[in-house]
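For reference, start_4.txt (compact mmCIF, C-alpha atoms and all ligand atoms):
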# COMPACT_ATOMS: atom_id res chain seq x y z
CA ALA A 1 76.94 84.57 136.71
CA HIS A 2 77.57 88.26 136.03
CA ALA A 3 79.04 90.23 138.88
CA PRO A 4 76.27 92.70 139.81
CA THR A 5 78.61 95.60 140.51
CA ALA A 6 81.65 95.15 138.30
CA ALA A 7 84.50 97.59 138.70
CA GLY A 8 87.15 98.54 136.15
CA PRO A 9 87.55 100.74 133.09
CA LEU A 10 84.88 98.82 131.14
CA ALA A 11 82.28 98.73 133.95
CA GLY A 12 78.75 99.21 132.61
CA CYS A 13 79.92 98.42 129.10
CA HIS A 14 78.48 95.58 126.95
CA VAL A 15 81.21 94.03 124.80
CA VAL A 16 80.19 91.61 122.01
CA ILE A 17 82.94 89.40 120.59
CA THR A 18 82.84 86.90 117.71
CA ALA A 19 85.35 84.06 117.86
CA GLY A 20 86.47 80.89 116.14
CA PRO A 21 85.79 79.64 112.64
CA THR A 22 82.46 79.18 110.91
CA ARG A 23 81.52 75.91 109.24
CA GLU A 24 79.69 75.84 105.95
CA ALA A 25 77.90 72.57 105.27
CA ILE A 26 78.49 70.73 101.98
CA ASP A 27 76.24 67.77 102.78
CA PRO A 28 75.12 66.08 106.04
CA VAL A 29 78.65 64.81 106.77
CA ARG A 30 81.03 67.42 105.28
CA TYR A 31 81.83 71.12 105.58
CA LEU A 32 84.17 73.95 104.54
CA SER A 33 86.03 75.75 107.34
CA ASN A 34 89.43 77.11 108.44
CA HIS A 35 92.10 76.67 111.13
CA SER A 36 90.85 79.27 113.64
CA SER A 37 91.07 77.89 117.21
CA GLY A 38 89.03 80.63 118.90
CA LYS A 39 91.83 81.24 121.44
CA MET A 40 92.27 84.94 120.63
CA GLY A 41 88.54 85.72 120.88
CA PHE A 42 88.19 83.78 124.14
CA ALA A 43 91.25 85.58 125.56
CA LEU A 44 89.65 88.91 124.63
CA ALA A 45 86.42 87.89 126.34
CA GLU A 46 88.34 87.14 129.56
CA ALA A 47 90.32 90.37 129.37
CA ALA A 48 87.16 92.46 128.80
CA ARG A 49 85.41 90.67 131.69
CA ASP A 50 88.37 91.41 133.97
CA GLN A 51 88.12 95.10 133.04
CA GLY A 52 84.51 95.10 134.27
CA ALA A 53 82.58 94.61 131.00
CA ARG A 54 79.49 92.49 130.47
CA VAL A 55 80.62 90.14 127.72
CA THR A 56 78.68 88.25 125.05
CA LEU A 57 80.87 85.75 123.21
CA ILE A 58 79.44 84.50 119.91
CA SER A 59 81.50 81.48 119.01
CA GLY A 60 81.81 79.15 116.07
CA PRO A 61 82.68 75.49 116.73
CA VAL A 62 85.78 75.39 118.97
CA THR A 63 87.02 73.04 121.70
CA LEU A 64 87.47 75.74 124.37
CA ALA A 65 85.61 75.89 127.71
CA THR A 66 83.39 78.91 128.35
CA PRO A 67 85.22 81.37 130.63
CA ALA A 68 83.46 82.13 133.93
CA GLY A 69 81.05 85.05 133.95
CA ILE A 70 80.70 85.23 130.16
CA HIS A 71 77.49 84.78 128.16
CA ARG A 72 78.32 82.40 125.30
CA VAL A 73 76.22 81.90 122.19
CA ASN A 74 77.21 78.95 119.99
CA VAL A 75 76.79 79.11 116.22
CA ILE A 76 77.95 76.97 113.31
CA SER A 77 77.65 78.89 110.04
CA ALA A 78 78.28 82.50 109.02
CA MET A 79 74.54 83.04 108.51
CA GLU A 80 73.89 81.86 112.09
CA MET A 81 76.68 84.10 113.38
CA LEU A 82 75.14 87.11 111.63
CA GLU A 83 71.76 86.33 113.20
CA ALA A 84 73.30 85.99 116.68
CA VAL A 85 75.21 89.27 116.25
CA ASN A 86 72.07 91.10 115.11
CA ALA A 87 70.24 89.82 118.20
CA THR A 88 72.82 91.40 120.56
CA LEU A 89 73.40 94.74 118.87
CA ALA A 90 70.65 96.80 120.52
CA ASP A 91 72.72 97.50 123.64
CA CYS A 92 76.24 96.75 122.38
CA ASP A 93 78.89 99.38 123.19
CA ILE A 94 81.96 97.66 121.76
CA PHE A 95 81.97 95.03 118.99
CA ILE A 96 85.10 92.97 118.39
CA GLY A 97 85.03 90.77 115.27
CA CYS A 98 87.65 88.14 115.99
CA ALA A 99 85.95 85.26 114.15
CA ALA A 100 87.44 83.78 111.00
CA VAL A 101 84.17 83.93 109.08
CA ALA A 102 84.08 81.72 105.99
CA ASP A 103 83.92 84.07 103.01
CA TYR A 104 81.74 81.67 100.99
CA ARG A 105 79.09 79.04 101.60
CA LEU A 106 77.63 76.36 99.38
CA GLU A 107 75.02 77.71 97.03
CA GLU A 108 73.03 74.57 97.77
CA VAL A 109 73.63 72.16 100.66
CA ALA A 110 73.06 68.58 99.52
CA GLU A 111 70.26 66.86 101.40
CA HIS A 112 72.02 63.50 101.24
CA LYS A 113 75.66 62.49 101.44
CA LEU A 114 77.37 63.13 98.11
CA LYS A 115 78.50 59.94 96.42
CA LYS A 116 81.56 59.55 94.24
CA VAL A 117 80.66 59.52 90.59
CA PRO A 118 82.29 56.45 89.00
CA GLY A 119 84.78 57.46 86.33
CA SER A 120 84.81 61.16 87.21
CA THR A 121 88.09 62.61 88.56
CA ALA A 122 86.92 66.10 89.56
CA LEU A 123 84.08 67.70 91.51
CA THR A 124 82.93 71.32 91.28
CA LEU A 125 81.22 72.99 94.25
CA ASN A 126 79.25 76.18 93.64
CA LEU A 127 79.93 78.80 96.33
CA ILE A 128 78.24 82.11 97.06
CA GLU A 129 79.55 84.94 99.20
CA ASN A 130 78.61 85.15 102.88
CA PRO A 131 77.47 88.49 104.32
CA ASP A 132 80.23 90.62 105.87
CA ILE A 133 79.18 90.53 109.52
CA ILE A 134 81.43 93.32 110.81
CA ALA A 135 80.49 95.62 107.92
CA ALA A 136 76.82 95.00 108.73
CA VAL A 137 77.57 96.16 112.29
CA THR A 138 79.39 99.36 111.28
CA HIS A 139 76.83 100.30 108.63
CA ARG A 140 74.02 100.50 111.20
CA GLU A 141 72.61 103.88 112.15
CA GLN A 142 74.31 104.02 115.56
CA PRO A 143 77.21 101.61 115.33
CA PRO A 144 79.15 100.50 118.40
CA PHE A 145 82.89 101.13 118.68
CA THR A 146 84.09 98.40 116.31
CA VAL A 147 87.36 96.46 116.27
CA GLY A 148 88.25 94.12 113.40
CA PHE A 149 91.02 91.62 112.80
CA ALA A 150 93.02 90.94 109.67
CA ALA A 151 95.13 87.81 109.27
CA GLU A 152 97.48 88.25 106.35
CA THR A 153 100.41 86.38 104.84
CA ARG A 154 101.79 89.40 102.97
CA GLU A 155 101.43 93.20 102.63
CA LEU A 156 100.02 93.44 106.15
CA ALA A 157 99.89 97.23 106.33
CA ARG A 158 98.24 97.73 102.96
CA HIS A 159 95.54 95.11 103.52
CA ALA A 160 94.87 96.28 107.09
CA HIS A 161 94.52 99.92 106.02
CA ASP A 162 92.20 98.89 103.21
CA LYS A 163 89.96 96.89 105.59
CA LEU A 164 90.00 99.65 108.22
CA VAL A 165 88.54 102.12 105.73
CA ARG A 166 86.34 99.77 103.67
CA LYS A 167 84.69 98.21 106.74
CA ARG A 168 84.49 101.56 108.63
CA LEU A 169 86.32 100.11 111.64
CA ASP A 170 87.52 102.18 114.59
CA LEU A 171 90.54 99.91 115.06
CA ILE A 172 92.02 96.94 113.19
CA VAL A 173 94.30 94.29 114.66
CA ALA A 174 96.59 92.90 111.98
CA ASN A 175 98.29 89.53 112.40
CA ASP A 176 101.09 88.24 110.22
CA VAL A 177 100.07 84.58 110.00
CA ALA A 178 103.19 83.68 108.03
CA THR A 179 105.26 83.78 111.26
CA PRO A 180 105.69 80.23 112.67
CA GLY A 181 104.43 79.78 116.25
CA LEU A 182 102.12 82.81 116.17
CA GLY A 183 98.50 83.33 115.24
CA PHE A 184 96.24 80.51 114.00
CA GLY A 185 96.00 77.77 116.62
CA ALA A 186 99.04 78.97 118.58
CA ASP A 187 99.06 80.15 122.21
CA ASP A 188 101.04 83.29 121.38
CA ASN A 189 100.32 86.14 119.05
CA ALA A 190 101.72 89.48 117.93
CA ALA A 191 99.85 92.30 116.22
CA VAL A 192 100.04 95.67 114.61
CA LEU A 193 97.09 97.95 115.47
CA TYR A 194 95.92 100.54 112.94
CA HIS A 195 93.39 103.32 113.37
CA LEU A 196 92.70 106.64 111.73
CA ALA A 197 94.56 109.57 113.23
CA ALA A 198 92.54 112.12 115.21
CA SER A 199 92.14 114.25 112.07
CA GLY A 200 89.94 111.48 110.65
CA SER A 201 91.68 111.72 107.30
CA GLU A 202 91.84 108.36 105.55
CA ALA A 203 95.44 109.06 104.64
CA ALA A 204 96.59 109.59 108.24
CA VAL A 205 96.74 106.18 109.87
CA THR A 206 98.35 105.61 113.25
CA SER A 207 100.01 102.25 113.86
CA HIS A 208 101.11 100.59 117.10
CA THR A 209 103.05 97.32 117.35
CA LEU A 210 102.37 94.73 120.05
CA SER A 211 105.33 92.32 120.31
CA PRO A 212 104.78 88.52 120.58
CA ARG A 213 103.26 87.35 123.88
CA ALA A 214 100.57 84.99 125.22
CA LYS A 215 97.17 85.66 123.63
CA ARG A 216 95.72 86.54 127.05
CA ALA A 217 98.42 89.19 127.59
CA LEU A 218 97.99 90.45 124.03
CA ALA A 219 94.24 90.76 124.61
CA GLN A 220 94.83 92.90 127.67
CA ALA A 221 97.35 95.12 125.87
CA LEU A 222 94.88 95.52 123.01
CA LEU A 223 92.08 96.64 125.36
CA ASP A 224 94.47 99.01 127.17
CA TYR A 225 95.37 100.61 123.84
CA MET A 226 91.70 100.73 122.76
CA LEU A 227 90.30 102.38 125.89
CA PRO A 228 91.34 106.00 125.23
CA LEU A 229 90.14 105.68 121.61
CA TYR A 230 86.75 104.41 122.81
N1 LIG B 301 84.54 89.47 108.73
C1 LIG B 301 83.18 89.39 108.96
N2 LIG B 301 82.36 88.74 108.08
C2 LIG B 301 82.87 88.17 106.97
C3 LIG B 301 84.26 88.25 106.71
C4 LIG B 301 85.06 88.90 107.61
O1 LIG B 301 82.71 89.90 109.98
N3 LIG B 301 82.04 87.56 106.13
C5 LIG B 301 85.40 90.21 109.67
C6 LIG B 301 86.39 89.35 110.44
O2 LIG B 301 85.83 88.86 111.65
C7 LIG B 301 87.52 90.34 110.69
C8 LIG B 301 87.47 91.26 109.48
O3 LIG B 301 86.16 91.12 108.94
O4 LIG B 301 87.28 91.13 111.83
C9 LIG B 301 88.48 90.98 108.45
O5 LIG B 301 88.33 89.63 108.00
P1 LIG B 301 89.11 89.20 106.69
O6 LIG B 301 88.80 87.77 106.38
O7 LIG B 301 90.55 89.58 106.88
O8 LIG B 301 88.45 90.20 105.64
P2 LIG B 301 87.80 89.93 104.23
O9 LIG B 301 87.01 91.17 103.94
O10 LIG B 301 87.04 88.65 104.21
O11 LIG B 301 89.03 89.91 103.25
P3 LIG B 301 89.93 88.69 102.67
O12 LIG B 301 89.68 88.69 101.20
O13 LIG B 301 91.35 89.08 103.01
O14 LIG B 301 89.52 87.40 103.35
CA CA B 302 87.92 86.58 104.72
Now, as a test, write the supplied structure out as structure tokens.
Amino acid sequence: AHAPTAAGPLAGCHVVITAGPTREAIDPVRYLSNHSSGKMGFALAEAARDQGARVTLISGPVTLATPAGIHRVNVISAMEMLEAVNATLADCDIFIGCAAVADYRLEEVAEHKLKKVPGSTALTLNLIENPDIIAAVTHREQPPFTVGFAAETRELARHAHDKLVRKRLDLIVANDVATPGLGFGADDNAAVLYHLAASGSEAAVTSHTLSPRAKRALAQALLDYMLPLY
């Protein structure tokens, strides 16, 4: 249950967090997805709760238990995640998009299990782009303070800067997923945070490095850094 009189720097604040992967059905028994474990998003939910926030955690399919005192909404696909996000936005103060949303879904989901075609050695699936959930949040009339994530295997700074501006984020958390033992599925993570400098100029980006540590500790450090910007 929610503590009726929470204390802390985020008291009175509604934080909405997306976490985990999405699953895009191919047929009744198969799907497209990715390796996201949901650990980073769940750690952020706990850290925000401990700073006094009311937390809504919109999660794709993961194997993690719901942290105490957090309102969890389970979704499967990107379209369902978008719907769940839209339903919480009216009173959202801070939105953190931690989910690894599948970029594409099947143009048509097969009603019955696909069968192998005898003699054929290849199969083509037609995919269409999913909506960009975080961009839909920031393009609203009165957007919440919005934090995005970027998992990259190369050119971290360039891609993060590009997403910060293109998605109109207030802050982006960039993870180098090429480092073994960090990021996807791991218990530890490191990050570089990017946001526009006070001048607001798109050329003046401030960066701040968070060294490797447990995801729960990283989540807390991230919120501590975010607070004065919010
Ligand atoms: N995101 C989202 N909806 C999508 C795709 C991404 O809300 N359909 C959010 C993620 O939750 C994350 C941020 O956007 O906070 C960046 O995700 P990422 O996959 O790195 O961005 P993309 O624009 O999909 O770019 P890429 O081509 O690198 O996958
Ligand atoms: Ca993507």
Which one is closest to Ala90 of chain A: A:Ala110, A:Ala65, A:Val137, A:Ala190? Count only C-alpha atoms.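 Using only C-alpha atoms, the shortest distance to Ala90 of chain A belongs to A:Val137.
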May I ask for the distance between atom CA of Arg213 of chain A and atom CA of Ile172 of chain A, given in Å to one decimal place?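 Between atom CA of Arg213 of chain A and atom CA of Ile172 of chain A the gap works out to 18.2 Å.
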Taking only C-alpha atoms and all ligand atoms into account, which residues are within 10 Å of ligand LIG 301 (chain B), as number ranges by chain? A: 17-22, 78-79, 81-82, 85, 95-104, 129-137, 146-153, 159-160, 162-164, 166-167, 169, 171-175
From the set A:Leu182, A:Ala204, A:Val73, A:Ile128, which residue has the shortest atom-to-atom contact distance to Glu24 of chain A, counting only C-alpha atoms?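 Selected residue with least distance to Glu24 of chain A: A:Ile128.
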In terms of the shortest atom-to-atom distance over all atoms listed in the file, which of A:His14, A:Ser36, A:Ala6, A:Leu123 is closest to Asp50 of chain A?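 Using all atoms listed in the file, the shortest distance to Asp50 of chain A belongs to A:Ala6.
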